[in-house]
Amino acid sequence: MFLRKGLAICASLLLMAAGAKAEAMSHDHEGAPAAAAQAQKARTSDPHADPHGDAAAPGQSHLYTPVAFTLRSGIADGRMVYIGVGGAIDGKVNPQLNVHEGETVQINLVNGEGAEHDVVVDQYAARSDRVVAKGASSVFSFVADKAGEFAYYCSVPGHRAAGMEGRLVVAAGPRSKETSDAADITRDPSEVPPPIGTRQPQVVRVDLETVELKGRLDNGASYTYWTFNGKVPGPMLRVRVGDTVETHLKNASESVMVHSVDFHAATGPGGGAAFTQTEPGKETVVTFKALAPGLYVYHCATPSVAHHITSGMYGLILVEPEGGLPQVDREFYVMQSELYTAKPFGSIGEQELDYDKLISEKAEYFLFNGAVGALTATHPLRARPGETVRIYFGVGGPNYTSTFHVIGEIFDRVYQGASLTSPPITNVQGATVGPGTATVLEFKVDRPGRYILVDHALSRAERGLAGFLIVDGPKDDELMHAGPARK
Ligand SMILES: [Cu+2]
């Protein structure tokens, strides 16, 4: 078990690295089907994960859209097995295939090691053609018109006994449409307010609305997020030192919970939370003076605070020093958090918080900007070679410390602890950022390619935590190329 998991992690990192490499070696890397992009695409387009499709209009019929699975033959722990490819079954040995009554099921069989194989489901009198050579594939489909639990297996003599058998579970009744009406709650990392410039201190009004809504956590999975302004993280706020920040906190009338806001940029009881405990349908106002420059987390501080934070209630406020920050070409807003669902990572359907896991810090999901795929499939970061990039990075948490790293890049400057009044440290591989804190990172992107944002506690990449920085432009072989040094 341990070995298999370890291999799965290695394999997916290799895939990502291979993706980055293929990307870097190609001019036309938007068109190059790099492995990481494919892996991501498999997640986003896997019809099993979301049979209704992301683009589908609510209420539209998807009865005839097949629920597709890809199985690859292979060896695991010395046994002959099927290995799931893509979506919720990715990397799983003899994965359970979950469908609903009445759905058309399509199974793609890929020969992964060269022996002859097929897939048979007796109860539906359904079978694939045999695949006889490595790389060969076949496809078959059937309508799952009987609810129940059935075996799928390889009918080549001896193979079923050798391990090639899994379960097809047909749930009674149609699949709930719950995930197709889930909102996109992910925050676009390019949503950074413009620099303040050189103006005098003034009163700045900030409007925050706390909104509880069903959002897409992953393809085929939803979660009832609690948010500031409907996105995760909440809006990035930008003021200057000496400004007076007048915050109006409105709690939407549809809310179930009381919410509030605690600004780490503020000095005073609860960072403002003492004055902003807000009932549904009500509004509170708190005003504070931004005394110290820096990049600060804000979050809901209504008990249980960890529950409100994990559900999406956090954001960043930048208090610029007088005169602002040095100009850069691109600024991005990225926040990390973790989620403690009752069902394991990758489960389909509506996910619920598990309070015991939350208080014992056993996270299922690790997320950049609110959801799996937020910074890969939905909103990858983009820049051009030669541009300078600044990332405002914060950890909502509520519990895990991040070692933020961009694979294939070195941070030219890191403002440790997000202190903007201390000199930044230079030439740094990773920034350690604890929960409820932040950092500012700057670097120049020198070479085109796809760079991967991670927390270098890389097991978390297996639980949703990854982002892309896509750098388009002419390649520069001086900095890196495949093969030996050139004369
Ligand atoms: Cu709250």
# chains A, B, ... in the order shown; residues from 1 in each chain; ligands from 1
>>> residues_near_ligand(ligand="ligand 1", cutoff="6 Å", atoms="only C-alpha atoms and all ligand atoms", output="PyMOL selection string")
chain A and resi 259-260+300+302+308
>>> select_by_dssp(residues="segment 214-368 of chain A", states="alpha helix (DSSP H)", output="list in words")
Val305, Ala306, His307, His308, Ile309, Thr310, Tyr355, Asp356, Lys357, Leu358 and Ile359 of chain A
>>> closest_atom_pairs(of="segment 349-405 of chain A", to="segment 181-199 of chain A", cutoff="9 Å", atoms="only C-alpha atoms", output="JSON lines")
{"residue": "A:Phe368", "atom": "CA", "partner": "A:Thr186", "partner_atom": "CA", "distance": 8.8}
{"residue": "A:Asn369", "atom": "CA", "partner": "A:Thr186", "partner_atom": "CA", "distance": 5.6}
{"residue": "A:Gly370", "atom": "CA", "partner": "A:Thr186", "partner_atom": "CA", "distance": 5.3}
{"residue": "A:Ala371", "atom": "CA", "partner": "A:Thr186", "partner_atom": "CA", "distance": 6.2}
{"residue": "A:Ala374", "atom": "CA", "partner": "A:Thr186", "partner_atom": "CA", "distance": 5.8}
{"residue": "A:Leu375", "atom": "CA", "partner": "A:Pro189", "partner_atom": "CA", "distance": 7.8}
{"residue": "A:Thr378", "atom": "CA", "partner": "A:Thr186", "partner_atom": "CA", "distance": 8.1}
{"residue": "A:His379", "atom": "CA", "partner": "A:Asp188", "partner_atom": "CA", "distance": 5.7}
{"residue": "A:Pro380", "atom": "CA", "partner": "A:Pro189", "partner_atom": "CA", "distance": 8.1}
{"residue": "A:Leu381", "atom": "CA", "partner": "A:Pro189", "partner_atom": "CA", "distance": 7.0}
{"residue": "A:Arg382", "atom": "CA", "partner": "A:Ser190", "partner_atom": "CA", "distance": 9.0}
>>> write_last_selection(atoms="N, CA, C and O atoms", output="PDB file, in the first residue's frame")
ATOM      1  N   PHE A 368      -5.172  26.120  -3.566  1.00  0.00           N
ATOM      2  CA  PHE A 368      -4.827  27.505  -3.884  1.00  0.00           C
ATOM      3  C   PHE A 368      -6.103  28.172  -4.408  1.00  0.00           C
ATOM      4  O   PHE A 368      -6.794  27.618  -5.281  1.00  0.00           O
ATOM      5  N   ASN A 369      -6.404  29.343  -3.912  1.00  0.00           N
ATOM      6  CA  ASN A 369      -7.540  30.158  -4.360  1.00  0.00           C
ATOM      7  C   ASN A 369      -8.862  29.391  -4.426  1.00  0.00           C
ATOM      8  O   ASN A 369      -9.646  29.534  -5.357  1.00  0.00           O
ATOM      9  N   GLY A 370      -9.057  28.528  -3.425  1.00  0.00           N
ATOM     10  CA  GLY A 370     -10.403  28.052  -3.126  1.00  0.00           C
ATOM     11  C   GLY A 370     -10.833  26.698  -3.631  1.00  0.00           C
ATOM     12  O   GLY A 370     -11.734  26.107  -3.057  1.00  0.00           O
ATOM     13  N   ALA A 371     -10.252  26.196  -4.726  1.00  0.00           N
ATOM     14  CA  ALA A 371     -10.759  24.939  -5.281  1.00  0.00           C
ATOM     15  C   ALA A 371      -9.649  24.208  -6.016  1.00  0.00           C
ATOM     16  O   ALA A 371      -8.654  24.817  -6.418  1.00  0.00           O
ATOM     17  N   ALA A 374      -8.020  25.680  -9.413  1.00  0.00           N
ATOM     18  CA  ALA A 374      -8.264  27.133  -9.521  1.00  0.00           C
ATOM     19  C   ALA A 374      -7.138  27.834 -10.279  1.00  0.00           C
ATOM     20  O   ALA A 374      -7.386  28.721 -11.093  1.00  0.00           O
ATOM     21  N   LEU A 375      -5.893  27.419 -10.020  1.00  0.00           N
ATOM     22  CA  LEU A 375      -4.749  28.111 -10.638  1.00  0.00           C
ATOM     23  C   LEU A 375      -4.076  27.259 -11.719  1.00  0.00           C
ATOM     24  O   LEU A 375      -2.991  27.594 -12.193  1.00  0.00           O
ATOM     25  N   THR A 378      -8.459  26.774 -14.263  1.00  0.00           N
ATOM     26  CA  THR A 378      -9.371  27.926 -14.320  1.00  0.00           C
ATOM     27  C   THR A 378      -8.631  29.241 -14.550  1.00  0.00           C
ATOM     28  O   THR A 378      -8.949  29.989 -15.466  1.00  0.00           O
ATOM     29  N   HIS A 379      -7.660  29.538 -13.685  1.00  0.00           N
ATOM     30  CA  HIS A 379      -6.969  30.836 -13.770  1.00  0.00           C
ATOM     31  C   HIS A 379      -5.458  30.658 -13.650  1.00  0.00           C
ATOM     32  O   HIS A 379      -4.873  31.056 -12.636  1.00  0.00           O
ATOM     33  N   PRO A 380      -4.774  30.052 -14.629  1.00  0.00           N
ATOM     34  CA  PRO A 380      -3.307  29.998 -14.507  1.00  0.00           C
ATOM     35  C   PRO A 380      -2.722  31.414 -14.539  1.00  0.00           C
ATOM     36  O   PRO A 380      -3.291  32.316 -15.160  1.00  0.00           O
ATOM     37  N   LEU A 381      -1.612  31.609 -13.844  1.00  0.00           N
ATOM     38  CA  LEU A 381      -0.917  32.889 -13.889  1.00  0.00           C
ATOM     39  C   LEU A 381      -0.182  32.963 -15.226  1.00  0.00           C
ATOM     40  O   LEU A 381       0.309  31.942 -15.726  1.00  0.00           O
ATOM     41  N   ARG A 382      -0.092  34.169 -15.807  1.00  0.00           N
ATOM     42  CA  ARG A 382       0.576  34.311 -17.102  1.00  0.00           C
ATOM     43  C   ARG A 382       1.533  35.488 -17.082  1.00  0.00           C
ATOM     44  O   ARG A 382       1.229  36.528 -16.507  1.00  0.00           O
TER      45      ARG A 382
END
>>> closest_residue(among="A:Glu387, A:Asp356, A:Glu320, A:Asp145", to="Thr421 of chain A", atoms="only C-alpha atoms")
A:Glu320
>>> residues_around(residues="Met236 of chain A", least_positions_apart="4", cutoff="7 Å", atoms="only C-alpha atoms", output="JSON, numbers by chain")
{"A": [192, 315, 316, 317]}
>>> residues_around(residues="Val99 of chain A", least_positions_apart="5", cutoff="10 Å", atoms="only C-alpha atoms", output="list in words")
His48, Pro51, Val67, Ala68, Thr104, Val105, Ala144, Ala147, Leu168, Val169, Val170, Ala171, Ala172, Pro174 and Arg175 of chain A
>>> residues_around(residues="segment 122-126 of chain A", least_positions_apart="3", cutoff="10 Å", atoms="only C-alpha atoms", output="list in words")
Val119, Phe140, Ser141, Phe142, Val143, Ala144, Asp145, Lys146, Gly148, Glu149, Phe150, Ala151, Tyr152 and Tyr153 of chain A
>>> atom_distance(atom1="atom CA of Gln416 of chain A", atom2="atom CA of Tyr296 of chain A")
12.3 Å
>>> closest_residue(among="A:Leu109, A:Ile425, A:Ala115, A:Ala221", to="Asp412 of chain A", atoms="only C-alpha atoms")
A:Ile425
>>> residues_around(residues="Gly270 of chain A", least_positions_apart="6", cutoff="12 Å", atoms="only C-alpha atoms", output="PDB file with C-alpha atoms, in the first residue's frame")
ATOM      1  CA  SER A 260     -17.337  38.959  11.248  1.00  0.00           C
ATOM      2  CA  VAL A 261     -13.942  40.246  10.157  1.00  0.00           C
ATOM      3  CA  ASP A 262     -10.590  40.404  11.934  1.00  0.00           C
ATOM      4  CA  PHE A 263      -7.945  42.494  10.150  1.00  0.00           C
ATOM      5  CA  HIS A 264      -4.377  41.640  11.071  1.00  0.00           C
ATOM      6  CA  THR A 276     -18.423  43.207  13.501  1.00  0.00           C
ATOM      7  CA  GLN A 277     -20.251  40.087  14.726  1.00  0.00           C
ATOM      8  CA  VAL A 286     -15.759  49.214  11.956  1.00  0.00           C
ATOM      9  CA  PHE A 288      -9.414  51.410  11.933  1.00  0.00           C
ATOM     10  CA  TYR A 298      -7.971  39.223   7.269  1.00  0.00           C
ATOM     11  CA  HIS A 299     -10.467  36.507   8.190  1.00  0.00           C
ATOM     12  CA  CYS A 300     -13.784  35.797   9.795  1.00  0.00           C
ATOM     13  CA  ALA A 301     -13.469  35.492  13.566  1.00  0.00           C
ATOM     14  CA  THR A 302     -16.770  34.002  14.606  1.00  0.00           C
TER      15      THR A 302
END
>>> decode(residues="segment 214-225 of chain A", atoms="all heavy atoms", output="short mmCIF file (atom, residue, chain, number, x, y, z; two decimals), in the first residue's frame")
data_model
loop_
_atom_site.label_atom_id
_atom_site.label_comp_id
_atom_site.auth_asym_id
_atom_site.auth_seq_id
_atom_site.Cartn_x
_atom_site.Cartn_y
_atom_site.Cartn_z
N LYS A 214 -23.10 27.35 -2.42
CA LYS A 214 -22.57 26.08 -2.88
C LYS A 214 -21.60 26.35 -4.02
O LYS A 214 -21.98 26.93 -5.05
CB LYS A 214 -23.69 25.15 -3.34
CG LYS A 214 -23.14 23.81 -3.80
CD LYS A 214 -24.15 22.68 -3.67
CE LYS A 214 -25.23 22.78 -4.72
NZ LYS A 214 -26.20 21.69 -4.58
N GLY A 215 -20.35 25.95 -3.84
CA GLY A 215 -19.33 26.21 -4.85
C GLY A 215 -18.69 24.92 -5.32
O GLY A 215 -18.76 23.89 -4.64
N ARG A 216 -18.08 24.99 -6.49
CA ARG A 216 -17.41 23.82 -7.03
C ARG A 216 -16.05 23.65 -6.35
O ARG A 216 -15.20 24.53 -6.43
CB ARG A 216 -17.24 23.96 -8.54
CG ARG A 216 -16.94 22.65 -9.24
CD ARG A 216 -17.27 22.68 -10.73
NE ARG A 216 -16.75 23.85 -11.39
CZ ARG A 216 -17.49 24.80 -11.95
NH1 ARG A 216 -18.78 24.73 -11.93
NH2 ARG A 216 -16.92 25.84 -12.53
N LEU A 217 -15.89 22.54 -5.66
CA LEU A 217 -14.63 22.22 -4.98
C LEU A 217 -13.68 21.52 -5.93
O LEU A 217 -12.47 21.77 -5.94
CB LEU A 217 -14.93 21.33 -3.77
CG LEU A 217 -13.76 20.65 -3.08
CD1 LEU A 217 -12.79 21.67 -2.50
CD2 LEU A 217 -14.26 19.71 -1.99
N ASP A 218 -14.25 20.65 -6.76
CA ASP A 218 -13.48 19.89 -7.74
C ASP A 218 -14.50 19.49 -8.78
O ASP A 218 -15.70 19.70 -8.59
CB ASP A 218 -12.87 18.66 -7.04
CG ASP A 218 -11.75 18.01 -7.84
OD1 ASP A 218 -11.51 18.42 -9.00
OD2 ASP A 218 -11.12 17.08 -7.32
N ASN A 219 -14.06 18.91 -9.88
CA ASN A 219 -15.04 18.46 -10.85
C ASN A 219 -15.87 17.36 -10.22
O ASN A 219 -15.34 16.36 -9.75
CB ASN A 219 -14.35 17.97 -12.10
CG ASN A 219 -13.68 19.11 -12.82
OD1 ASN A 219 -14.35 20.08 -13.17
ND2 ASN A 219 -12.38 19.04 -12.98
N GLY A 220 -17.18 17.55 -10.18
CA GLY A 220 -18.05 16.55 -9.60
C GLY A 220 -18.21 16.66 -8.10
O GLY A 220 -18.91 15.86 -7.50
N ALA A 221 -17.54 17.62 -7.50
CA ALA A 221 -17.64 17.77 -6.04
C ALA A 221 -17.94 19.21 -5.69
O ALA A 221 -17.38 20.14 -6.28
CB ALA A 221 -16.34 17.33 -5.36
N SER A 222 -18.86 19.39 -4.74
CA SER A 222 -19.19 20.75 -4.31
C SER A 222 -19.04 20.85 -2.79
O SER A 222 -18.91 19.84 -2.10
CB SER A 222 -20.62 21.09 -4.72
OG SER A 222 -21.53 20.22 -4.07
N TYR A 223 -19.04 22.09 -2.32
CA TYR A 223 -18.91 22.33 -0.89
C TYR A 223 -19.64 23.63 -0.60
O TYR A 223 -19.64 24.55 -1.44
CB TYR A 223 -17.41 22.47 -0.54
CG TYR A 223 -17.16 22.76 0.93
CD1 TYR A 223 -17.22 21.73 1.88
CD2 TYR A 223 -16.86 24.05 1.38
CE1 TYR A 223 -16.99 21.98 3.22
CE2 TYR A 223 -16.64 24.31 2.72
CZ TYR A 223 -16.71 23.28 3.64
OH TYR A 223 -16.49 23.53 4.97
N THR A 224 -20.28 23.72 0.55
CA THR A 224 -20.93 24.98 0.91
C THR A 224 -19.89 25.92 1.51
O THR A 224 -19.49 25.77 2.67
CB THR A 224 -22.10 24.74 1.87
OG1 THR A 224 -23.05 23.91 1.21
CG2 THR A 224 -22.76 26.06 2.25
N TYR A 225 -19.41 26.81 0.66
CA TYR A 225 -18.38 27.76 1.08
C TYR A 225 -19.02 28.91 1.86
O TYR A 225 -20.16 29.30 1.59
CB TYR A 225 -17.67 28.35 -0.15
CG TYR A 225 -16.75 27.40 -0.87
CD1 TYR A 225 -17.22 26.55 -1.85
CD2 TYR A 225 -15.38 27.39 -0.59
CE1 TYR A 225 -16.37 25.69 -2.54
CE2 TYR A 225 -14.52 26.53 -1.27
CZ TYR A 225 -15.02 25.69 -2.24
OH TYR A 225 -14.17 24.85 -2.91
#
